[in-house]
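The file upload.txt comes next; it holds compact mmCIF, C-alpha atoms.
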# COMPACT_ATOMS: atom_id res chain seq x y z
CA ILE Q 1 128.21 62.34 65.13
CA GLY Q 2 125.90 63.32 62.28
CA LEU Q 3 123.72 60.78 60.46
CA ARG Q 4 121.85 61.51 57.26
CA LYS Q 5 119.19 58.85 57.71
CA THR Q 6 117.36 57.11 60.51
CA THR Q 7 119.34 54.17 61.87
CA ASN Q 8 118.31 50.53 61.54
CA ARG Q 9 118.35 48.44 64.69
CA VAL Q 10 121.83 48.18 66.23
CA GLN Q 11 123.00 46.20 69.24
CA SER Q 12 123.88 49.20 71.42
CA VAL Q 13 124.28 52.96 71.27
CA LYS Q 14 126.36 54.87 73.82
CA LEU Q 15 126.92 58.62 73.75
CA GLY Q 16 129.94 59.81 75.70
CA TYR Q 17 130.29 62.89 77.89
CA ARG Q 18 129.18 66.07 76.05
CA SER Q 19 128.76 64.15 72.78
CA SER Q 20 125.92 64.63 70.27
CA LEU Q 21 124.04 62.33 67.93
CA MET Q 22 122.48 64.43 65.17
CA PHE Q 23 120.13 63.51 62.30
CA ASP Q 24 118.91 65.43 59.27
CA ASP Q 25 115.53 63.63 59.15
CA GLN Q 26 112.32 65.06 60.59
CA ASN Q 27 111.14 61.61 61.74
CA VAL Q 28 113.89 59.73 63.55
CA VAL Q 29 113.59 56.18 64.91
CA ILE Q 30 116.49 54.73 66.90
CA ALA Q 31 116.01 51.01 67.60
CA THR Q 32 118.59 49.28 69.81
CA SER Q 33 119.01 46.81 72.66
CA GLN Q 34 120.94 49.24 74.88
CA PHE Q 35 120.71 53.04 74.62
CA HIS Q 36 122.97 55.01 76.97
CA MET Q 37 123.40 58.79 77.18
CA SER Q 38 126.28 60.02 79.35
CA PRO Q 39 126.15 63.36 81.20
CA MET Q 40 125.50 66.40 78.95
CA SER Q 41 125.12 64.30 75.80
CA LYS Q 42 122.40 65.17 73.28
CA VAL Q 43 120.19 63.67 70.57
CA GLN Q 44 119.12 66.24 67.99
CA THR Q 45 117.91 66.74 64.44
CA THR Q 46 118.67 69.61 62.09
CA THR Q 47 115.16 69.86 60.61
CA PRO Q 48 112.61 72.56 61.57
CA MET Q 49 110.08 69.92 62.71
CA ARG Q 50 111.31 67.09 64.92
CA ASN Q 51 109.77 63.74 65.85
CA ILE Q 52 112.23 61.51 67.74
CA THR Q 53 111.39 57.91 68.68
CA ILE Q 54 113.68 55.62 70.68
CA VAL Q 55 112.86 51.92 70.96
CA ALA Q 56 115.15 49.99 73.31
CA ASP Q 57 115.34 46.99 75.61
CA ALA Q 58 117.04 49.17 78.24
CA MET Q 59 117.77 52.89 78.32
CA THR Q 60 119.83 55.20 80.54
CA MET Q 61 119.92 59.00 80.52
CA GLU Q 62 122.50 60.30 82.96
CA LYS Q 63 122.42 63.73 84.61
CA ASP Q 64 122.00 66.62 82.13
CA ALA Q 65 121.68 64.31 79.12
CA GLU Q 66 119.06 65.84 76.84
CA ILE Q 67 116.67 65.03 74.02
CA SER Q 68 115.16 68.29 72.82
CA VAL Q 69 112.47 69.08 70.27
CA LYS Q 70 111.79 72.52 71.71
CA GLY Q 71 110.07 74.79 69.18
CA SER Q 72 110.14 72.00 66.58
CA GLY Q 73 106.44 71.49 65.93
CA GLU Q 74 103.94 73.11 63.57
CA LEU Q 75 104.43 76.70 62.46
CA LEU Q 76 100.62 76.98 62.41
CA GLY Q 77 98.71 73.70 62.98
CA PRO Q 78 95.25 72.84 64.34
CA GLY Q 79 95.65 75.04 67.42
CA ALA Q 80 97.28 77.96 65.61
CA GLY Q 81 97.58 81.28 67.41
CA SER Q 82 98.25 84.74 66.00
CA SER Q 83 100.10 87.96 66.68
CA SER Q 84 98.07 88.40 69.87
CA GLU Q 85 96.80 84.87 70.68
CA GLY Q 86 98.84 81.99 72.02
CA ALA Q 87 98.72 78.65 70.21
CA SER Q 88 96.78 75.72 71.73
CA TYR Q 89 97.23 71.95 72.10
CA GLY Q 90 96.69 70.27 75.51
CA GLY Q 91 95.64 73.63 76.94
CA GLU Q 92 94.21 76.63 75.16
CA GLY Q 93 96.57 79.43 74.31
CA GLY Q 94 95.82 82.81 75.83
CA GLY Q 95 92.83 84.33 73.96
CA ASN Q 96 92.55 81.25 71.71
CA MET Q 97 89.39 79.40 72.73
CA GLY Q 98 88.00 76.09 71.45
CA THR Q 99 91.18 74.88 69.77
CA ILE Q 100 92.17 71.84 71.87
CA TYR Q 101 93.20 68.66 69.99
CA GLY Q 102 95.20 65.46 70.30
CA SER Q 103 95.19 62.52 72.72
CA THR Q 104 95.44 62.91 76.49
CA VAL Q 105 96.31 59.22 76.98
CA SER Q 106 98.76 58.62 74.09
CA PRO Q 107 99.98 62.04 72.96
CA LEU Q 108 101.86 61.96 69.66
CA SER Q 109 100.87 65.27 68.02
CA PHE Q 110 103.00 68.28 67.22
CA GLY Q 111 102.35 71.49 69.12
CA SER Q 112 100.97 74.42 67.13
CA GLY Q 113 102.54 77.77 66.32
CA THR Q 114 101.50 81.31 65.48
CA GLY Q 115 102.92 81.66 61.98
CA THR Q 116 106.07 83.26 63.38
CA VAL Q 117 107.07 80.83 66.13
CA SER Q 118 106.48 77.07 66.32
CA GLY Q 119 105.00 74.68 68.83
CA GLY Q 120 106.91 71.85 70.45
CA GLY Q 121 107.89 68.63 68.68
CA ILE Q 122 107.37 64.96 69.59
CA ILE Q 123 109.47 62.62 71.78
CA HIS Q 124 108.38 58.97 71.98
CA ILE Q 125 110.31 56.60 74.28
CA GLN Q 126 109.50 52.86 74.28
CA VAL Q 127 111.59 50.71 76.64
CA ALA Q 128 110.87 47.01 77.12
CA GLY Q 129 112.88 46.94 80.36
CA SER Q 130 114.26 49.62 82.67
CA LEU Q 131 114.43 53.35 81.90
CA GLN Q 132 117.03 55.00 84.15
CA PHE Q 133 116.03 58.62 83.69
CA ASN Q 134 118.10 61.43 85.18
CA GLY Q 135 118.25 63.66 82.11
CA ARG Q 136 115.83 65.98 80.35
CA LEU Q 137 113.13 65.55 77.70
CA ASP Q 138 112.16 68.96 76.29
CA ALA Q 139 109.19 69.57 73.97
CA LYS Q 140 108.41 73.17 74.92
CA GLY Q 141 106.78 75.61 72.55
CA SER Q 142 108.78 78.56 71.23
CA ASP Q 143 108.65 81.93 72.96
CA GLY Q 144 107.20 84.90 71.06
CA THR Q 145 108.18 88.56 71.13
CA SER Q 146 105.88 90.27 68.62
CA THR Q 147 103.48 87.31 68.54
CA GLY Q 148 101.81 84.78 70.83
CA GLY Q 149 103.78 81.82 72.18
CA GLY Q 150 103.76 78.35 70.60
CA SER Q 151 102.01 75.49 72.37
CA GLY Q 152 103.96 72.70 74.00
CA GLY Q 153 104.44 69.44 72.10
CA SER Q 154 104.22 65.76 73.08
CA ILE Q 155 106.21 63.37 75.25
CA MET Q 156 105.10 59.72 75.41
CA VAL Q 157 107.03 57.30 77.64
CA THR Q 158 106.37 53.55 78.00
CA ALA Q 159 108.67 51.37 80.10
CA ALA Q 160 108.68 48.27 82.31
CA SER Q 161 110.22 50.43 85.05
CA LEU Q 162 110.98 54.14 85.44
CA VAL Q 163 113.68 55.18 87.89
CA GLY Q 164 115.45 58.47 88.53
CA HIS Q 165 115.17 62.23 89.02
CA GLY Q 166 114.84 63.45 85.42
CA HIS Q 167 112.62 66.19 84.03
CA MET Q 168 110.03 66.12 81.22
CA THR Q 169 108.52 69.37 79.95
CA VAL Q 170 105.93 70.34 77.35
CA ASP Q 171 105.39 73.91 78.59
CA GLY Q 172 103.80 76.47 76.32
CA GLY Q 173 105.96 79.31 75.02
CA SER Q 174 105.86 82.71 76.68
CA SER Q 175 105.24 86.04 74.95
CA SER Q 176 106.55 89.48 75.88
CA ASN Q 177 104.02 91.32 73.67
CA GLY Q 178 101.19 88.80 73.21
CA ALA Q 179 99.56 85.82 74.90
CA GLY Q 180 101.24 82.68 76.19
CA GLY Q 181 100.91 79.33 74.43
CA GLY Q 182 98.96 76.45 75.94
CA GLY Q 183 100.75 73.53 77.54
CA GLY Q 184 101.28 70.35 75.54
CA ARG Q 185 100.66 66.73 76.57
CA ILE Q 186 102.70 64.11 78.45
CA GLY Q 187 101.71 60.44 78.59
CA ILE Q 188 103.50 57.95 80.88
CA SER Q 189 102.70 54.23 81.05
CA VAL Q 190 104.72 52.22 83.61
CA PRO Q 191 103.90 49.43 86.09
CA SER Q 192 105.07 51.56 89.04
CA VAL Q 193 105.84 55.23 89.68
CA GLU Q 194 107.24 54.71 93.19
CA ASP Q 195 110.89 54.85 92.08
CA PHE Q 196 110.54 57.92 89.88
CA HIS Q 197 111.26 61.12 91.80
CA GLY Q 198 111.61 63.50 88.90
CA THR Q 199 109.25 66.13 87.50
CA HIS Q 200 106.88 66.51 84.56
CA THR Q 201 105.42 69.89 83.59
CA ALA Q 202 102.86 71.07 81.05
CA PHE Q 203 102.56 74.70 82.16
CA GLY Q 204 100.85 77.28 80.03
CA GLY Q 205 103.13 80.04 78.76
CA LYS Q 206 103.23 83.44 80.45
CA GLY Q 207 101.99 86.32 78.30
CA SER Q 208 101.81 90.11 78.59
CA ILE Q 209 98.17 90.03 77.35
CA ALA Q 210 97.01 86.65 78.71
CA ASN Q 211 98.52 83.43 80.04
CA GLY Q 212 98.08 80.06 78.38
CA ALA Q 213 96.24 77.17 80.05
CA SER Q 214 97.91 74.11 81.51
CA GLY Q 215 98.37 71.11 79.29
CA THR Q 216 97.88 67.52 80.48
CA VAL Q 217 100.05 64.95 82.25
CA TYR Q 218 98.54 61.44 82.09
CA ILE Q 219 100.11 58.59 84.10
CA ASP Q 220 99.01 54.96 83.76
CA TYR Q 221 100.41 52.68 86.50
CA GLN Q 222 99.67 49.74 88.79
CA GLN Q 223 99.32 49.48 92.54
CA ALA Q 224 100.46 46.53 94.63
CA GLY Q 225 98.58 43.43 93.57
CA GLY Q 226 98.41 44.56 89.95
CA VAL Q 227 95.43 46.93 90.36
CA LYS Q 228 95.50 49.32 87.42
CA LYS Q 229 95.25 53.03 88.14
CA ASN Q 230 95.58 56.25 86.19
CA LEU Q 231 96.20 59.84 87.15
CA ILE Q 232 95.80 63.15 85.33
CA VAL Q 233 97.59 66.27 86.57
CA LEU Q 234 96.77 69.83 85.50
CA ASP Q 235 99.18 72.40 86.95
CA ASN Q 236 99.58 76.01 85.76
CA ARG Q 237 102.23 77.02 88.35
CA GLY Q 238 99.95 79.69 89.84
CA GLN Q 239 99.40 81.66 86.63
CA LEU Q 240 95.90 83.05 86.29
CA SER Q 241 94.23 82.31 82.96
CA VAL Q 242 90.71 82.26 81.57
CA SER Q 243 91.87 79.69 79.02
CA MET Q 244 90.84 76.09 79.56
CA THR Q 245 92.22 72.57 79.52
CA VAL Q 246 90.01 69.90 77.92
CA LEU Q 247 90.46 66.14 78.39
CA THR Q 248 90.20 63.88 75.36
CA ASP Q 249 89.88 60.06 74.94
CA VAL Q 250 89.84 59.31 78.69
CA ASP Q 251 87.58 56.27 79.24
CA SER Q 252 88.15 55.94 82.99
CA LEU Q 253 90.02 57.87 85.64
CA SER Q 254 91.28 57.04 89.14
CA THR Q 255 92.60 60.46 90.22
CA LEU Q 256 92.32 63.97 88.83
CA ARG Q 257 94.53 66.72 90.27
CA ILE Q 258 93.71 70.31 89.29
CA MET Q 259 96.44 72.50 90.73
CA ARG Q 260 97.72 76.07 90.94
CA ASN Q 261 95.17 78.01 88.88
CA SER Q 262 94.51 75.34 86.28
CA CYS Q 263 91.01 75.40 84.81
CA LEU Q 264 89.36 72.25 83.41
CA LEU Q 265 86.41 72.46 81.03
CA TYR Q 266 84.51 69.27 81.84
CA THR Q 267 82.16 68.63 78.94
CA SER Q 268 79.07 66.42 78.91
CA ASP Q 269 80.76 64.26 76.26
CA ALA Q 270 83.71 63.69 78.58
CA ALA Q 271 81.37 62.79 81.44
CA ASP Q 272 79.57 60.23 79.25
CA ASP Q 273 82.86 58.67 78.15
CA MET Q 274 84.35 58.43 81.63
CA GLN Q 275 83.45 55.72 84.12
Reformat the file's structure so that it appears as structure tokens.
Amino acid sequence: IGLRKTTNRVQSVKLGYRSSLMFDDQNVVIATSQFHMSPMSKVQTTTPMRNITIVADAMTMEKDAEISVKGSGELLGPGAGSSSEGASYGGEGGGNMGTIYGSTVSPLSFGSGTGTVSGGGIIHIQVAGSLQFNGRLDAKGSDGTSTGGGSGGSIMVTAASLVGHGHMTVDGGSSSNGAGGGGGRIGISVPSVEDFHGTHTAFGGKGSIANGASGTVYIDYQQAGGVKKNLIVLDNRGQLSVSMTVLTDVDSLSTLRIMRNSCLLYTSDAADDMQ
């Protein structure tokens, strides 16, 4: 189904097996009580830049259902790369220092590009009740051939419960003749993460000149008894990189995991802000 404009609130939306819901707006808001995506169904837009928001009382994404804004961010942007440098956002692109931007906690910025390829777009999911998530949210940056890779985009998920084995990715784009793009940013706010057994990645892109840095995955949750906790994960899947990840707008932090060759630049400003 193709729609020319963003929908108003409807009672329920169900996409059948292998079906697609397509818009021609850059900024799409789907507001509904029940939003259900059957296996291999898709939500897409036809515009170069894509910002998809879903507001629902309950939402289900079955296996292989997909919402993709891959390569649908800025063509340049605040973390712009070049023919040799990867673009930055949550993590610096290869060879592209000092160009981090956006929110770690509530990421809603487009990824940046290199003038030839684009960064990742934005996916924003707000569910008042349960999010049954076994599909895929994709906000990767574009891969480059004769240029650096685009940086990953943003995924922000808020729900009363998150259950399933789905996958979220804001990986930076790779480059066969330049540097990889930096990873984007993922923000998750749920009361409990115990029933979610899926994955979330913000890897830097692999480059022939240099690899991009890891982006950020921020998770806000509660332990038994209602004790609020938060977790930040930096993971660069073992790729060596001199590029850095920088945290922004983090007032307090319960756990910080720096994994597999990620590199965090911990500034004095960040130390002052954090409790």
| Which residues, protein or nucleic acid, reach to within 6 Å of (115.3, 61.9, 84.0) in the file's coordinates when using all atoms listed in the file, and can you give that as a PyMOL selection string? | chain Q and resi 133-136+164-167
| task | Between CA of Ser84 in chain Q and CA of Ser146 in chain Q, measure the distance and give it in Å to one decimal. | result |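 A separation of 8.1 Å between them.
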Box for range 236-247 of chain Q: with edges along x, y and z, all listed atoms inside and 3 Å added on each side, what are the centre and edge lengths in Å to one decimal, as AutoDock Vina command-line options?
--center_x 96.1 --center_y 74.6 --center_z 83.9 --size_x 18.2 --size_y 22.9 --size_z 17.9
| Separation of CA of Gln126 in chain Q from CA of Gly141 in chain Q in Å |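 CA of Gln126 in chain Q lies at a distance of 23.0 Å from CA of Gly141 in chain Q.
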| said: One decimal, in Å: what's the spacing between CA of Lys140 in chain Q and CA of Ser208 in chain Q? | reply: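 So the two atoms, CA of Lys140 in chain Q and CA of Ser208 in chain Q, lie 18.5 Å apart.
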| query | Can you list, as a PyMOL selection string, every protein, DNA or RNA residue that comes within 10 Å of Ser176 in chain Q when you count all atoms listed in the file, leaving out same-chain residues fewer than 5 positions away? | reply | chain Q and resi 143-149+206-209
| With distances taken over all atoms listed in the file, which of Q:Cys263, Q:Ala87, Q:Leu234, Q:Ile258 is nearest to Gly205 in chain Q? |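 Of the candidates, the smallest distance to Gly205 in chain Q is held by Q:Ala87.
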Do you have, as CSV, the list of residues of range 163-275 of chain Q lying at most 12 Å from range 99-119 of chain Q, each with its nearest atom pair and that distance in Å to one decimal, counting only C-alpha atoms and ordered by chain then number?
residue,atom,partner,partner_atom,distance
Q:Val170,CA,Q:Gly111,CA,9.0
Q:Asp171,CA,Q:Gly119,CA,9.8
Q:Gly172,CA,Q:Gly119,CA,7.8
Q:Gly173,CA,Q:Gly119,CA,7.8
Q:Ser174,CA,Q:Val117,CA,10.8
Q:Ser175,CA,Q:Val117,CA,10.4
Q:Gly178,CA,Q:Thr114,CA,10.8
Q:Ala179,CA,Q:Thr114,CA,10.6
Q:Gly180,CA,Q:Thr114,CA,10.8
Q:Gly181,CA,Q:Gly119,CA,8.3
Q:Gly182,CA,Q:Gly111,CA,9.1
Q:Gly183,CA,Q:Gly111,CA,8.8
Q:Gly184,CA,Q:Gly111,CA,6.6
Q:Arg185,CA,Q:Pro107,CA,6.0
Q:Ile186,CA,Q:Pro107,CA,6.5
Q:Gly187,CA,Q:Ser106,CA,5.7
Q:Ile188,CA,Q:Val105,CA,8.3
Q:Ser189,CA,Q:Val105,CA,9.1
Q:Ala202,CA,Q:Thr104,CA,11.9
Q:Gly205,CA,Q:Gly119,CA,11.4
Q:Ala213,CA,Q:Ile100,CA,10.6
Q:Ser214,CA,Q:Ile100,CA,11.4
Q:Gly215,CA,Q:Thr104,CA,9.1
Q:Thr216,CA,Q:Thr104,CA,6.6
Q:Val217,CA,Q:Thr104,CA,7.7
Q:Tyr218,CA,Q:Val105,CA,6.0
Q:Ile219,CA,Q:Val105,CA,8.1
Q:Asp220,CA,Q:Val105,CA,8.5
Q:Asn230,CA,Q:Val105,CA,9.7
Q:Leu231,CA,Q:Val105,CA,10.2
Q:Ile232,CA,Q:Thr104,CA,8.9
Q:Val233,CA,Q:Thr104,CA,10.8
Q:Leu234,CA,Q:Thr104,CA,11.4
Q:Ser243,CA,Q:Thr99,CA,10.4
Q:Met244,CA,Q:Ile100,CA,8.9
Q:Thr245,CA,Q:Ile100,CA,7.7
Q:Val246,CA,Q:Ile100,CA,6.7
Q:Leu247,CA,Q:Thr104,CA,6.2
Q:Thr248,CA,Q:Thr104,CA,5.4
Q:Asp249,CA,Q:Ser103,CA,6.3
Q:Val250,CA,Q:Val105,CA,6.7
Q:Asp251,CA,Q:Val105,CA,9.5
Q:Ser252,CA,Q:Val105,CA,10.7
Q:Leu253,CA,Q:Val105,CA,10.8
Q:Leu264,CA,Q:Ile100,CA,11.9
Q:Leu265,CA,Q:Ile100,CA,10.8
Q:Ala270,CA,Q:Thr104,CA,11.9
| Quick one: of Q:Ile155, Q:Met49, Q:Ala160, Q:Ala210, who's nearest to Gln26 in chain Q, counting only C-alpha atoms? | Q:Met49
| Counting all atoms listed in the file, which of Q:Val157, Q:Leu137, Q:Val69, Q:Val193 gets nearest to Gln223 in chain Q? | Q:Val193
Closest pair table for range 66-153 of chain Q residues within 12 Å of range 6-22 of chain Q, all atoms listed in the file, as CSV:
residue,atom,partner,partner_atom,distance
Q:Glu66,CA,Q:Ser20,CA,9.6
Q:Ile67,CA,Q:Leu21,CA,9.9
Q:Ser68,CA,Q:Met22,CA,11.3
| said: Which residue is closest to Asn236 in chain Q? Choose from Q:Phe23, Q:Phe203, Q:Phe196, Q:Tyr266 and count only C-alpha atoms. | reply: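 Smallest distance to Asn236 in chain Q is found for Q:Phe203.
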| task | Point out the residue among Q:Leu131, Q:Met97, Q:Met156, Q:Met37 with the least atom-to-atom distance to Asn51 in chain Q, counting only C-alpha atoms. | result |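 When distances to Asn51 in chain Q are compared using only C-alpha atoms, the smallest one comes from Q:Met156.
By only C-alpha atoms, and with residues fewer than 4 positions from Gln222 in chain Q along its chain excluded, the set lying at most 10 Å from it is Ser189, Val190, Pro191, Ser192, Val193, Gly226, Val227, Lys228, Lys229 and Asn230 of chain Q.
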Could you please take those selected residues and save C-alpha atoms as a short mmCIF file (atom, residue, chain, number, x, y, z; two decimals), in the frame of the given file?
data_model
loop_
_atom_site.label_atom_id
_atom_site.label_comp_id
_atom_site.auth_asym_id
_atom_site.auth_seq_id
_atom_site.Cartn_x
_atom_site.Cartn_y
_atom_site.Cartn_z
CA SER Q 189 102.70 54.23 81.05
CA VAL Q 190 104.72 52.22 83.61
CA PRO Q 191 103.90 49.43 86.09
CA SER Q 192 105.07 51.56 89.04
CA VAL Q 193 105.84 55.23 89.68
CA GLY Q 226 98.41 44.56 89.95
CA VAL Q 227 95.43 46.93 90.36
CA LYS Q 228 95.50 49.32 87.42
CA LYS Q 229 95.25 53.03 88.14
CA ASN Q 230 95.58 56.25 86.19
#
Because the input lacks atoms here, generate all heavy atoms for range 253-263 of chain Q and report them as a PDB file, in the frame of the given file.
ATOM      1  N   LEU Q 253      89.046  57.035  84.943  1.00  0.00           N
ATOM      2  CA  LEU Q 253      90.020  57.870  85.640  1.00  0.00           C
ATOM      3  C   LEU Q 253      89.985  57.557  87.129  1.00  0.00           C
ATOM      4  O   LEU Q 253      88.926  57.548  87.748  1.00  0.00           O
ATOM      5  CB  LEU Q 253      89.704  59.347  85.400  1.00  0.00           C
ATOM      6  CG  LEU Q 253      90.691  60.367  85.961  1.00  0.00           C
ATOM      7  CD1 LEU Q 253      92.091  60.141  85.386  1.00  0.00           C
ATOM      8  CD2 LEU Q 253      90.215  61.786  85.653  1.00  0.00           C
ATOM      9  N   SER Q 254      91.186  57.302  87.705  1.00  0.00           N
ATOM     10  CA  SER Q 254      91.280  57.040  89.140  1.00  0.00           C
ATOM     11  C   SER Q 254      91.417  58.333  89.929  1.00  0.00           C
ATOM     12  O   SER Q 254      90.723  58.545  90.926  1.00  0.00           O
ATOM     13  CB  SER Q 254      92.488  56.136  89.427  1.00  0.00           C
ATOM     14  OG  SER Q 254      92.435  54.938  88.692  1.00  0.00           O
ATOM     15  N   THR Q 255      92.318  59.229  89.477  1.00  0.00           N
ATOM     16  CA  THR Q 255      92.600  60.460  90.220  1.00  0.00           C
ATOM     17  C   THR Q 255      92.787  61.617  89.263  1.00  0.00           C
ATOM     18  O   THR Q 255      93.483  61.498  88.253  1.00  0.00           O
ATOM     19  CB  THR Q 255      93.879  60.306  91.075  1.00  0.00           C
ATOM     20  OG1 THR Q 255      93.761  59.151  91.914  1.00  0.00           O
ATOM     21  CG2 THR Q 255      94.106  61.522  91.948  1.00  0.00           C
ATOM     22  N   LEU Q 256      92.170  62.742  89.597  1.00  0.00           N
ATOM     23  CA  LEU Q 256      92.320  63.970  88.830  1.00  0.00           C
ATOM     24  C   LEU Q 256      92.815  65.061  89.770  1.00  0.00           C
ATOM     25  O   LEU Q 256      92.165  65.373  90.771  1.00  0.00           O
ATOM     26  CB  LEU Q 256      90.990  64.387  88.205  1.00  0.00           C
ATOM     27  CG  LEU Q 256      90.934  65.749  87.489  1.00  0.00           C
ATOM     28  CD1 LEU Q 256      91.881  65.766  86.295  1.00  0.00           C
ATOM     29  CD2 LEU Q 256      89.506  66.061  87.051  1.00  0.00           C
ATOM     30  N   ARG Q 257      93.971  65.636  89.460  1.00  0.00           N
ATOM     31  CA  ARG Q 257      94.530  66.720  90.270  1.00  0.00           C
ATOM     32  C   ARG Q 257      94.522  68.017  89.455  1.00  0.00           C
ATOM     33  O   ARG Q 257      95.186  68.112  88.417  1.00  0.00           O
ATOM     34  CB  ARG Q 257      95.960  66.398  90.697  1.00  0.00           C
ATOM     35  CG  ARG Q 257      96.067  65.199  91.620  1.00  0.00           C
ATOM     36  CD  ARG Q 257      97.513  64.892  91.970  1.00  0.00           C
ATOM     37  NE  ARG Q 257      97.622  63.681  92.778  1.00  0.00           N
ATOM     38  CZ  ARG Q 257      98.760  63.032  93.003  1.00  0.00           C
ATOM     39  NH1 ARG Q 257      99.901  63.497  92.491  1.00  0.00           N
ATOM     40  NH2 ARG Q 257      98.781  61.944  93.744  1.00  0.00           N
ATOM     41  N   ILE Q 258      93.777  68.999  89.932  1.00  0.00           N
ATOM     42  CA  ILE Q 258      93.710  70.310  89.290  1.00  0.00           C
ATOM     43  C   ILE Q 258      94.403  71.294  90.226  1.00  0.00           C
ATOM     44  O   ILE Q 258      93.889  71.579  91.315  1.00  0.00           O
ATOM     45  CB  ILE Q 258      92.246  70.725  89.023  1.00  0.00           C
ATOM     46  CG1 ILE Q 258      91.538  69.641  88.205  1.00  0.00           C
ATOM     47  CG2 ILE Q 258      92.184  72.060  88.305  1.00  0.00           C
ATOM     48  CD1 ILE Q 258      90.058  69.887  88.017  1.00  0.00           C
ATOM     49  N   MET Q 259      95.556  71.792  89.812  1.00  0.00           N
ATOM     50  CA  MET Q 259      96.440  72.500  90.730  1.00  0.00           C
ATOM     51  C   MET Q 259      96.814  73.890  90.221  1.00  0.00           C
ATOM     52  O   MET Q 259      96.874  74.127  89.012  1.00  0.00           O
ATOM     53  CB  MET Q 259      97.724  71.678  90.939  1.00  0.00           C
ATOM     54  CG  MET Q 259      97.506  70.249  91.410  1.00  0.00           C
ATOM     55  SD  MET Q 259      98.990  69.216  91.267  1.00  0.00           S
ATOM     56  CE  MET Q 259     100.131  70.107  92.326  1.00  0.00           C
ATOM     57  N   ARG Q 260      97.067  74.773  91.153  1.00  0.00           N
ATOM     58  CA  ARG Q 260      97.720  76.070  90.940  1.00  0.00           C
ATOM     59  C   ARG Q 260      97.152  76.848  89.750  1.00  0.00           C
ATOM     60  O   ARG Q 260      97.842  77.136  88.783  1.00  0.00           O
ATOM     61  CB  ARG Q 260      99.227  75.890  90.833  1.00  0.00           C
ATOM     62  CG  ARG Q 260      99.837  75.297  92.099  1.00  0.00           C
ATOM     63  CD  ARG Q 260     101.310  75.470  92.170  1.00  0.00           C
ATOM     64  NE  ARG Q 260     102.041  74.738  91.142  1.00  0.00           N
ATOM     65  CZ  ARG Q 260     103.361  74.842  90.953  1.00  0.00           C
ATOM     66  NH1 ARG Q 260     104.073  75.631  91.721  1.00  0.00           N
ATOM     67  NH2 ARG Q 260     103.932  74.142  90.011  1.00  0.00           N
ATOM     68  N   ASN Q 261      95.873  77.170  89.854  1.00  0.00           N
ATOM     69  CA  ASN Q 261      95.170  78.010  88.880  1.00  0.00           C
ATOM     70  C   ASN Q 261      94.923  77.345  87.537  1.00  0.00           C
ATOM     71  O   ASN Q 261      94.678  78.034  86.540  1.00  0.00           O
ATOM     72  CB  ASN Q 261      95.880  79.354  88.676  1.00  0.00           C
ATOM     73  CG  ASN Q 261      95.785  80.243  89.902  1.00  0.00           C
ATOM     74  OD1 ASN Q 261      94.838  80.154  90.666  1.00  0.00           O
ATOM     75  ND2 ASN Q 261      96.777  81.096  90.094  1.00  0.00           N
ATOM     76  N   SER Q 262      94.969  76.024  87.486  1.00  0.00           N
ATOM     77  CA  SER Q 262      94.510  75.340  86.280  1.00  0.00           C
ATOM     78  C   SER Q 262      92.996  75.413  86.209  1.00  0.00           C
ATOM     79  O   SER Q 262      92.318  75.540  87.232  1.00  0.00           O
ATOM     80  CB  SER Q 262      94.955  73.875  86.278  1.00  0.00           C
ATOM     81  OG  SER Q 262      96.351  73.775  86.191  1.00  0.00           O
ATOM     82  N   CYS Q 263      92.457  75.311  85.005  1.00  0.00           N
ATOM     83  CA  CYS Q 263      91.010  75.400  84.810  1.00  0.00           C
ATOM     84  C   CYS Q 263      90.590  74.342  83.797  1.00  0.00           C
ATOM     85  O   CYS Q 263      90.985  74.394  82.632  1.00  0.00           O
ATOM     86  CB  CYS Q 263      90.623  76.788  84.321  1.00  0.00           C
ATOM     87  SG  CYS Q 263      88.849  77.070  84.255  1.00  0.00           S
TER      88      CYS Q 263
END
